Every structure is written in C-alpha cells, then in structure tokens.
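Coordinates from upload.txt are shown below (compact mmCIF, C-alpha atoms).
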```
# COMPACT_ATOMS: atom_id res chain seq x y z
CA MET A 1 -16.30 0.57 -14.63
CA GLU A 2 -15.70 -0.88 -11.19
CA HIS A 3 -13.22 -3.75 -11.00
CA THR A 4 -14.62 -6.92 -9.47
CA TYR A 5 -13.49 -10.44 -8.70
CA PRO A 6 -15.81 -12.80 -10.63
CA SER A 7 -17.08 -16.23 -9.61
CA VAL A 8 -16.52 -15.90 -5.89
CA ARG A 9 -17.59 -18.56 -3.42
CA TRP A 10 -18.34 -18.11 0.23
CA SER A 11 -18.89 -19.90 3.49
CA THR A 12 -20.86 -18.73 6.51
CA GLY A 13 -19.88 -18.56 10.15
CA SER A 14 -20.60 -16.71 13.38
CA GLU A 15 -18.84 -15.37 16.43
CA ASN A 16 -20.86 -14.60 19.56
CA GLY A 17 -24.02 -13.87 17.57
CA ILE A 18 -22.29 -11.92 14.78
CA SER A 19 -22.73 -13.78 11.49
CA PHE A 20 -20.42 -13.41 8.53
CA TYR A 21 -19.43 -14.64 5.11
CA ILE A 22 -15.85 -15.48 4.24
CA VAL A 23 -15.74 -14.68 0.53
CA GLU A 24 -13.02 -16.04 -1.70
CA PRO A 25 -12.30 -15.43 -5.40
CA GLY A 26 -10.19 -17.97 -7.23
CA PRO A 27 -6.44 -17.54 -6.88
CA ALA A 28 -4.97 -15.04 -9.34
CA ASN A 29 -1.33 -14.17 -10.02
CA GLY A 30 -0.24 -16.32 -7.10
CA ARG A 31 -2.48 -14.49 -4.64
CA GLN A 32 -5.42 -15.97 -2.74
CA HIS A 33 -7.64 -13.16 -1.47
CA ARG A 34 -10.22 -13.71 1.26
CA ARG A 35 -12.64 -11.25 2.81
CA MET A 36 -14.87 -11.42 5.88
CA ILE A 37 -18.18 -9.56 5.43
CA GLY A 38 -20.89 -9.19 8.06
CA VAL A 39 -24.34 -10.66 7.37
CA GLY A 40 -27.63 -10.83 9.25
CA HIS A 41 -29.64 -8.04 10.81
CA GLY A 42 -29.31 -5.34 13.37
CA ASN A 43 -25.60 -4.83 13.76
CA PRO A 44 -23.26 -2.31 12.14
CA LEU A 45 -21.15 -5.00 10.46
CA VAL A 46 -23.89 -6.15 8.08
CA GLY A 47 -22.73 -5.82 4.46
CA ARG A 48 -19.41 -4.33 5.53
CA PRO A 49 -15.91 -5.74 5.08
CA ILE A 50 -14.67 -6.72 8.53
CA ALA A 51 -11.19 -7.79 7.46
CA TYR A 52 -9.18 -8.89 4.42
CA SER A 53 -6.55 -11.58 4.05
CA ASP A 54 -4.10 -12.44 1.27
CA THR A 55 -1.94 -15.53 0.95
CA TYR A 56 0.85 -15.38 -1.63
CA LEU A 57 1.16 -18.93 -2.89
CA ARG A 58 4.49 -18.42 -4.66
CA GLU A 59 6.16 -16.79 -1.65
CA SER A 60 6.16 -19.59 0.91
CA GLU A 61 2.45 -18.95 1.47
CA ARG A 62 3.18 -15.62 3.13
CA THR A 63 -0.10 -14.42 4.67
CA TYR A 64 -1.17 -10.89 5.47
CA LEU A 65 -4.29 -9.73 7.28
CA TYR A 66 -5.56 -6.16 7.02
CA ALA A 67 -8.60 -4.06 7.90
CA ARG A 68 -9.77 -0.49 8.00
CA HIS A 69 -8.94 1.26 11.27
CA SER A 70 -10.00 4.44 13.01
CA ALA A 71 -6.85 5.38 14.94
CA GLU A 72 -4.83 8.58 14.84
CA PRO A 73 -1.04 8.16 14.76
CA SER A 74 -0.61 8.96 18.46
CA GLU A 75 -3.15 6.33 19.46
CA PHE A 76 -1.58 3.74 17.17
CA PHE A 77 1.81 4.13 18.82
CA ARG A 78 0.34 4.09 22.34
CA VAL A 79 -1.54 0.87 21.58
CA LEU A 80 1.49 -0.68 19.84
CA ASP A 81 3.80 0.24 22.76
CA TYR A 82 1.46 -1.42 25.25
CA PHE A 83 0.94 -4.43 22.99
CA LEU A 84 4.69 -5.01 22.63
CA LEU A 85 5.29 -4.58 26.35
CA GLN A 86 2.63 -7.26 26.94
CA GLN A 87 4.45 -9.62 24.56
CA GLN A 88 7.77 -9.45 26.41
CA ASP A 89 7.04 -12.52 28.55
CA GLU A 90 6.47 -14.68 25.50
CA PHE A 91 9.11 -12.94 23.36
CA PRO A 92 11.92 -11.95 25.76
CA GLU A 93 14.03 -10.85 22.79
CA LEU A 94 11.81 -7.74 22.64
CA ARG A 95 13.35 -6.38 25.87
CA GLY A 96 15.78 -3.55 25.24
CA ARG A 97 15.66 -4.16 21.53
CA ARG A 98 15.92 -1.43 18.91
CA PHE A 99 13.32 -1.69 16.16
CA HIS A 100 13.45 -0.45 12.58
CA LEU A 101 10.62 1.75 11.37
CA LEU A 102 9.92 3.19 7.91
CA LEU A 103 7.99 6.46 8.02
CA ASN A 104 6.19 8.59 5.47
CA ASN A 105 5.85 12.12 6.83
CA GLY A 106 4.05 14.26 4.27
CA GLY A 107 5.41 12.21 1.35
CA ALA A 108 9.01 12.28 2.58
CA PRO A 109 10.50 8.87 3.41
CA SER A 110 12.71 8.19 6.41
CA GLU A 111 13.99 5.18 8.31
CA VAL A 112 14.61 5.26 12.05
CA THR A 113 15.60 2.81 14.74
CA SER A 114 13.99 3.18 18.14
CA GLN A 115 13.50 1.42 21.44
CA LEU A 116 10.12 1.31 23.12
CA PRO A 117 8.15 3.42 23.66
CA PHE A 118 7.68 4.56 20.07
CA SER A 119 5.01 7.05 21.15
CA THR A 120 7.64 9.43 22.54
CA ALA A 121 10.33 8.77 19.94
CA VAL A 122 8.65 9.06 16.54
CA SER A 123 7.73 12.29 14.77
CA LEU A 124 3.99 12.38 14.16
CA GLU A 125 3.99 15.53 12.05
CA GLY A 126 2.26 14.85 8.74
CA LEU A 127 2.52 11.12 9.35
CA GLN A 128 0.83 9.19 6.53
CA PHE A 129 2.33 5.71 6.77
CA VAL A 130 4.47 3.57 9.09
CA ARG A 131 5.95 0.13 8.70
CA VAL A 132 7.29 -1.44 11.88
CA TYR A 133 9.67 -4.39 11.53
CA LEU A 134 9.00 -6.89 14.30
CA PRO A 135 10.57 -10.28 15.01
CA PHE A 136 7.23 -12.07 14.75
CA GLY A 137 5.98 -10.25 11.66
CA ASP A 138 5.74 -6.70 10.39
CA VAL A 139 2.96 -4.17 10.94
CA ALA A 140 2.01 -1.50 8.37
CA ILE A 141 -0.51 1.28 8.87
CA GLU A 142 -1.64 4.25 6.81
CA PHE A 143 -3.43 7.35 8.06
CA GLY A 144 -5.82 9.67 6.31
CA GLU A 145 -9.36 10.22 5.25
CA SER A 146 -11.75 7.33 5.69
CA THR A 147 -13.30 5.71 2.63
CA THR A 148 -15.83 2.90 2.65
CA THR A 149 -17.22 0.55 0.03
CA GLY A 150 -20.77 0.40 1.38
CA ASP A 151 -22.85 -2.76 1.29
CA GLU A 152 -20.85 -5.49 -0.47
CA LEU A 153 -23.46 -8.23 -0.09
CA GLU A 154 -25.73 -7.32 -2.98
CA LEU A 155 -23.01 -7.82 -5.59
CA ILE A 156 -21.99 -11.12 -4.00
CA ARG A 157 -25.52 -12.51 -3.88
CA SER A 158 -26.73 -11.19 -7.24
CA ALA A 159 -23.61 -11.65 -9.38
CA HIS A 160 -21.31 -13.88 -7.32
CA ALA A 161 -18.79 -11.05 -7.63
CA LEU A 162 -16.75 -9.09 -5.12
CA THR A 163 -15.56 -5.51 -5.48
CA CYS A 164 -11.79 -5.18 -5.79
CA LYS A 165 -11.93 -1.89 -3.89
CA LEU A 166 -10.53 -1.77 -0.39
CA GLU A 167 -11.64 0.50 2.40
CA SER A 168 -9.12 2.84 3.95
CA PRO A 169 -7.14 3.78 5.94
CA LEU A 170 -5.77 0.29 6.47
CA ILE A 171 -3.70 -1.49 9.09
CA GLY A 172 -2.07 -4.77 8.11
CA CYS A 173 0.11 -7.39 9.71
CA ASP A 174 2.14 -10.39 8.64
CA LEU A 175 0.60 -13.58 10.03
CA THR A 176 2.83 -16.01 8.18
CA ARG A 177 4.45 -17.47 11.29
CA TYR A 178 2.68 -15.98 14.32
CA HIS A 179 -0.89 -14.83 14.93
CA VAL A 180 -0.31 -12.51 17.89
CA LEU A 181 -0.67 -9.40 15.74
CA ALA A 182 -4.28 -10.20 14.81
CA SER A 183 -5.34 -8.83 18.20
CA LEU A 184 -3.53 -5.56 17.48
CA VAL A 185 -5.71 -5.13 14.37
CA ALA A 186 -8.81 -5.74 16.49
CA LYS A 187 -7.76 -3.07 19.01
CA LEU A 188 -7.65 -0.40 16.28
CA HIS A 189 -10.47 -1.71 14.05
CA TRP A 190 -13.10 0.73 12.69
CA ALA A 191 -15.91 -1.12 14.53
CA ARG A 192 -14.21 -1.18 17.95
CA GLY A 193 -16.65 1.39 19.34
CA VAL A 194 -19.75 -0.58 18.41
CA VAL A 195 -18.68 -4.22 18.68
CA PRO A 196 -17.06 -5.62 21.83
CA GLN A 197 -13.30 -6.06 21.60
CA SER A 198 -13.44 -9.77 22.37
CA ILE A 199 -15.88 -10.38 19.50
CA LEU A 200 -13.73 -8.41 17.05
CA GLU A 201 -10.69 -10.42 18.10
CA GLY A 202 -12.65 -13.64 17.62
CA LEU A 203 -13.84 -12.58 14.17
CA ILE A 204 -10.37 -11.65 13.01
CA GLU A 205 -8.93 -14.87 14.37
CA GLN A 206 -11.51 -16.81 12.39
CA LEU A 207 -10.41 -15.15 9.15
CA SER A 208 -6.80 -15.86 10.09
CA PHE A 209 -7.31 -19.56 10.60
CA ASN A 210 -10.31 -20.90 8.71
CA PRO A 211 -10.21 -21.73 5.01
CA VAL A 212 -13.33 -21.50 2.87
CA ALA A 213 -15.28 -24.72 2.72
CA ALA A 214 -14.95 -26.53 -0.61
CA MET B 1 11.78 -12.91 11.27
CA SER B 2 12.47 -9.17 10.99
CA SER B 3 12.55 -8.43 7.28
CA PHE B 4 14.12 -5.00 7.44
CA ARG B 5 15.94 -4.01 4.30
CA SER B 6 16.58 -0.35 3.69
CA ILE B 7 14.83 1.05 0.64
CA LEU B 8 16.29 4.49 1.12
CA SER B 9 19.68 3.91 -0.40
CA PRO B 10 21.11 7.22 -1.55
CA LEU B 11 19.90 8.18 -4.98
CA ARG B 12 22.23 6.50 -7.41
CA ASP B 13 23.10 9.65 -9.26
CA THR B 14 23.40 13.31 -8.47
CA GLY B 15 21.80 14.46 -11.73
CA LYS B 16 19.04 16.97 -11.14
CA LEU B 17 16.25 15.51 -13.22
CA GLN B 18 14.79 13.12 -10.68
CA LYS B 19 12.15 13.19 -7.99
CA GLU B 20 11.58 10.70 -5.17
CA GLN B 21 8.49 10.64 -2.97
CA PHE B 22 5.83 8.40 -1.49
CA VAL B 23 2.55 7.96 -3.36
CA MET B 24 -0.62 6.27 -2.14
CA ASN B 25 0.91 6.62 1.35
CA THR B 26 2.86 3.40 0.94
CA VAL B 27 4.84 3.29 -2.32
CA LEU B 28 8.17 4.99 -2.85
CA VAL B 29 8.31 6.21 -6.46
CA ARG B 30 11.17 7.71 -8.46
CA SER B 31 10.56 9.69 -11.64
CA ARG B 32 13.71 10.61 -13.54
CA ILE B 33 15.22 11.44 -16.90
CA LEU B 34 18.00 9.11 -17.99
CA PHE B 35 20.53 9.38 -20.76
CA GLU B 36 19.41 7.15 -23.60
CA LYS B 37 20.34 3.47 -23.11
CA SER B 38 21.85 4.28 -19.71
CA ASP B 39 20.79 4.39 -16.05
CA LYS B 40 22.63 7.67 -15.50
CA VAL B 41 20.39 10.59 -14.57
CA ALA B 42 20.55 13.68 -16.77
CA SER B 43 20.97 17.19 -15.42
CA THR B 44 19.77 19.12 -18.46
CA LEU B 45 18.37 18.16 -21.86
CA HIS B 46 19.79 19.17 -25.20
CA PRO B 47 17.77 19.54 -28.42
CA GLY B 48 18.48 16.79 -30.92
CA PHE B 49 19.04 14.10 -28.28
CA ALA B 50 16.75 11.37 -26.96
CA TYR B 51 16.42 10.41 -23.29
CA GLY B 52 14.51 7.91 -21.17
CA HIS B 53 11.72 8.96 -18.80
CA ASN B 54 11.89 6.27 -16.12
CA ILE B 55 9.15 5.79 -13.52
CA GLU B 56 10.20 3.34 -10.82
CA PHE B 57 7.92 2.10 -8.07
CA VAL B 58 10.72 1.11 -5.71
CA ARG B 59 8.62 -1.00 -3.39
CA ASN B 60 5.10 -1.22 -2.01
CA MET B 61 5.74 -1.06 1.72
CA ALA B 62 2.15 -1.83 2.68
CA LEU B 63 0.92 -5.33 3.49
CA TRP B 64 -1.92 -5.02 0.99
CA PRO B 65 -1.70 -4.94 -2.82
CA LEU B 66 -2.10 -1.87 -5.00
CA GLU B 67 -3.40 -1.60 -8.56
CA LEU B 68 -2.24 1.65 -10.13
CA GLN B 69 -2.92 3.50 -13.37
CA VAL B 70 -0.05 5.77 -14.32
CA HIS B 71 -0.39 8.63 -16.80
CA THR B 72 2.30 11.16 -17.72
CA LYS B 73 1.93 14.38 -19.73
CA ILE B 74 4.40 16.85 -21.20
CA LYS B 75 3.52 20.47 -20.51
CA ASN B 76 4.93 21.92 -23.76
CA GLU B 77 4.91 19.37 -26.56
CA ASP B 78 6.80 21.72 -28.89
CA GLN B 79 9.92 21.10 -26.83
CA LEU B 80 9.65 17.47 -25.75
CA ARG B 81 7.90 14.50 -27.32
CA TYR B 82 7.50 10.87 -26.33
CA LEU B 83 8.44 8.32 -28.98
CA ASN B 84 6.72 4.97 -29.44
CA THR B 85 3.62 5.95 -27.47
CA ASN B 86 0.06 6.45 -28.72
CA SER B 87 0.35 10.19 -28.34
CA GLY B 88 3.59 12.16 -28.43
CA TRP B 89 2.72 14.26 -25.42
CA GLU B 90 1.57 11.56 -23.01
CA TRP B 91 2.08 7.91 -22.08
CA GLY B 92 0.68 5.58 -19.52
CA PHE B 93 0.61 2.08 -18.11
CA GLU B 94 -0.95 -0.02 -15.40
CA VAL B 95 1.00 -1.69 -12.65
CA SER B 96 0.11 -4.24 -10.00
CA LEU B 97 2.15 -4.10 -6.79
CA PRO B 98 1.87 -6.89 -4.23
CA PRO B 99 3.43 -6.18 -0.81
CA TYR B 100 7.16 -5.56 -0.96
CA HIS B 101 7.24 -5.63 -4.75
CA GLY B 102 8.22 -2.90 -7.20
CA ASP B 103 8.08 -2.28 -10.91
CA GLN B 104 9.36 0.24 -13.41
CA ARG B 105 8.78 1.43 -16.97
CA THR B 106 10.67 3.74 -19.29
CA ALA B 107 9.50 5.77 -22.28
CA VAL B 108 11.83 7.39 -24.80
CA VAL B 109 11.49 11.16 -24.87
CA ASP B 110 12.92 13.28 -27.66
CA CYS B 111 14.18 16.80 -26.95
CA LEU B 112 13.02 18.79 -30.00
CA ASN B 113 13.60 22.46 -29.24
CA ASN B 114 14.54 24.94 -26.57
CA ILE B 115 11.75 27.51 -26.58
CA SER B 116 11.38 28.55 -22.96
CA GLY B 117 14.38 26.90 -21.31
CA THR B 118 12.21 24.70 -19.10
CA ASP B 119 9.43 22.17 -19.40
CA ASP B 120 7.48 19.95 -17.01
CA LEU B 121 6.50 16.29 -16.86
CA PHE B 122 3.38 15.64 -14.81
CA THR B 123 2.78 12.05 -13.71
CA SER B 124 -0.63 11.23 -12.32
CA ILE B 125 -1.07 7.99 -10.38
CA LEU B 126 -4.57 6.67 -9.72
CA SER B 127 -5.31 3.71 -7.45
CA ASN B 128 -8.25 1.40 -7.91
CA ALA B 129 -9.52 2.69 -4.58
CA GLY B 130 -9.93 6.07 -6.29
CA TYR B 131 -6.98 7.93 -4.78
CA ARG B 132 -4.85 10.14 -6.98
CA ASP B 133 -1.29 11.40 -6.44
CA THR B 134 1.00 13.37 -8.71
CA VAL B 135 4.75 13.49 -9.23
CA SER B 136 6.19 16.27 -11.35
CA ILE B 137 9.66 17.02 -12.64
CA GLN B 138 10.79 20.34 -14.01
CA ILE B 139 13.11 19.90 -16.97
CA GLU B 140 15.90 22.32 -17.88
CA ILE B 141 16.71 22.56 -21.58
CA GLU B 142 19.98 24.07 -22.79
```
For the file at hand, write its structure as structure tokens.
Amino acid sequence: MEHTYPSVRWSTGSENGISFYIVEPGPANGRQHRRMIGVGHGNPLVGRPIAYSDTYLRESERTYLYARHSAEPSEFFRVLDYFLLQQQDEFPELRGRRFHLLLNNGGAPSEVTSQLPFSTAVSLEGLQFVRVYLPFGDVAIEFGESTTTGDELELIRSAHALTCKLESPLIGCDLTRYHVLASLVAKLHWARGVVPQSILEGLIEQLSFNPVAA
Amino acid sequence: MSSFRSILSPLRDTGKLQKEQFVMNTVLVRSRILFEKSDKVASTLHPGFAYGHNIEFVRNMALWPLELQVHTKIKNEDQLRYLNTNSGWEWGFEVSLPPYHGDQRTAVVDCLNNISGTDDLFTSILSNAGYRDTVSIQIEIE
C-alpha cells in the first residue's frame, strides 16, 4: 500500500499565470514537509510536484529545498561553475577557494577538494551522487533514471492526503541562511524546457519564503 | 557555513567480513560481522560461536529524507542462523533517515556448521520511492 501523509492542508498562489498549491502535512518527527504542486489548465506543471521543502524544527529550523532535475553530470558542473563565478562579487571568499566534494562513482565513495572549475576537475565516470560543501549552504544532486509520481492533485482533493513518494533524480540545497541556491535549482529543474526560467525561479522562491496560510 | 565533515574515515578494523558502499545513491552503508558483544570485525566464523551482523547506515548525504525497508537473508541456513528474529534465516527492519543522519541495527547470528566453507548474507534495501539496492557479504567458515 502506498504511504501517504494524511490530513494535509493547502493554500493557493500564482506566479506569472502559473497557479499552484502549497501542500503541507502536519509536522511529524520534527520535520515540516511542504510541497508545491501545479494547478489549473493548459500547462505541463498541472498536478505535478514543482518543488519540495523540509524544515527540521529540532535542528535550528534547518531548511532544505529540493526538486526533480533533468541534468547530466557534465551539465550540472558547468552550471554550478558559472553560478559560483557569478556569486564572487557578493561572496568574495569564493575566489581562489578550495571546495570539498563528496562523490559516489558507481557506488564507491570518495572525497575530493577542488578549486573552480569543477567541470574539468571531477571524474564523471559512473557518477551517481555529489554533495558540494559551500559557504552559504550545501548542494546535493543525484543522477539516474527519471521517475515521476503522476498527478498528485486527485489524492489531495479527494482524500486530503499527499503521497510520500518523491520524484527523482533530485537536486537539493540548504536554504537555512541564504536563498541564492534556489536559482540553481531552477536552472536545472525538470520543467526548464517548457516553463520560462524566470517563472521557475519565481515559483521556487515562493516555496522558499511563503508559509501555508492558517 | 561549510558543514564538511569527512564520512570516509578508514574502516575501523581490517577484518575481512565487511562491505562498504553507497545505496540509494546517497547513503553510505556498512554491512559487517562482529565478534559477539564487540565492535571488532571478524575475519572468519567458527562453528559453535555467535556473532553480530551489523548494518550501519553511516549517513544520508542527500538533502532529502529516505524511508528504507531492510531485509537480510542467509544463503545456506544449515550453516548460519539468526537468533531472536522471526525466522532463523532472515531478519529485517525499517529505518528513517533525515539528511545527515544515520542509524544502525545488529542481529545475533549463530555459526552452526561448516558444510561448504563459505556462506553469503544478502541484504536488500528498498526505498519508499521503489528503488532497490543490495549489499552482500561472503562469509568464510573455518
């Protein structure tokens, strides 16, 4: 039997004509889960999870945002390199810095330190997972076959329940102190080919900032 | 705010009966046979002695949670048998892993006989997203 969150509540919102629910089960085991799901008609986000967010209430309200992506490893590192170079004005400590990365190549773990650009320094062979440790919050990304959960609206509307299943592969970032990484998720998001980048960034920012209405 | 802490400390023991690998892309797991009431890894098993089969999820390195069902089977139950489980040839548990958290469980395994000189423990790990990974250890019996 499929695991579900019971008794969810939701609020509605929109971003440049794209409407959505932010669905929220009650907190459980110190974790507050929230999920943005597209609603309306005539766009590819309808019924689909746009992004997920978890706040861990017992851990200084640490907050993570994650979403399914459609990037290959080489593209991820190219986009991350460019993103970090763009951040150097605001975060000068990034210049010349060596970063820690945890890699999973074909099931084998390794830890490396590298300067930018990562795209020429990291082995991509059999790469399944990377965690990048950044001064403004970590990024984690997995690679592999795409799985989707289909239309999630029917269960919400008919039973006030939300599937516990997550789509994959996922990219996540730590938004506890800074929100700059939310735009990185938008750049690699599964819907980036069918929804304008600026709208995706706006949607993800809304999940990052807005609580569910009481 | 870099939160780097190495999780790849050298394996604590050079005993042979241990396996370390990633599962579900993001979780480093160690499966190993320990001497009873000890955290020392065994190299071979001896009939008439009991050991611990320890499965340690070292840490979920993803930024999303994982719910896992873990199920382990003995290949030849005439040689090895789990104690204090529902069935002597298998045991299982469920584990919930928030980001950067780990967990571990241990079952007592009795070495009964040496029939073929080797046996295998197959651990199957199923996520609530439907993914399955396996970790196996080959056991030497003297």
- Show me which bits of chain A are within 10 Å of chain B, counting only C-alpha atoms, as a ChimeraX atom specification. /A:2-3,29,31,52-54,56,63-67,99-111,127-144,147-149,164-174,176-177
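Non-sequential neighbours of B:Thr72 (distance at most 7 Å, separation of 5 or more positions within a chain, all atoms listed in the file) are B:Glu90, B:Trp91, B:Gly92, B:Leu121, B:Phe122, B:Thr123, B:Ser124.
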- Contacts of A:Ile156 within 9 Å, all atoms listed in the file, excl. fewer than 6 positions in-chain, as a VMD selection string: chain A and resid 8 to 10 23 162 to 163
- Query: Between B:Lys75, B:Lys16, B:Arg30, B:Arg81, which has the minimum distance to B:Gly48 (counting all atoms listed in the file)?
  - Reply: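 For B:Gly48, the nearest of the candidates is B:Arg81.
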- Message: What does the structure give for the distance between atom CA of A:Leu207 and atom CA of B:Val95, in Å to one decimal?
- Response: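 Answer for the atom CA of A:Leu207 to atom CA of B:Val95 separation: 28.0 Å.
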- Item | Interatomic distance (Å, one decimal) between atom CA of A:Gly47 and atom CA of A:Ala159 | 15.0 Å
- Message: So that I can see what lies close to B:Ser43, please list as a PyMOL selection string the residues with an atom at most 12 Å from it, counting all atoms listed in the file and leaving out residues fewer than 3 positions away in the same chain.
- Response: chain B and resi 13-18+32-35+40+46+51+137-142
- Non-local contacts of B:Tyr82 (12 Å; all atoms listed in the file; under 5 positions in same chain excluded) as a list in words: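 Answer for this query is Ala50, Tyr51, Gly52, His53, Thr72, Lys73, Ile74, Lys75, Asn76, Glu77, Ser87, Gly88, Trp89, Glu90, Trp91, Gly92, Thr106, Ala107, Val108, Val109, Asp110, Cys111, Leu112 and Leu121 of chain B.
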- Message: Just to confirm, what's the straight-line distance from atom CA of A:Asn43 to atom CA of A:Phe20 in Å (one decimal)?
- Response: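 Going from atom CA of A:Asn43 over to atom CA of A:Phe20 covers 11.3 Å.
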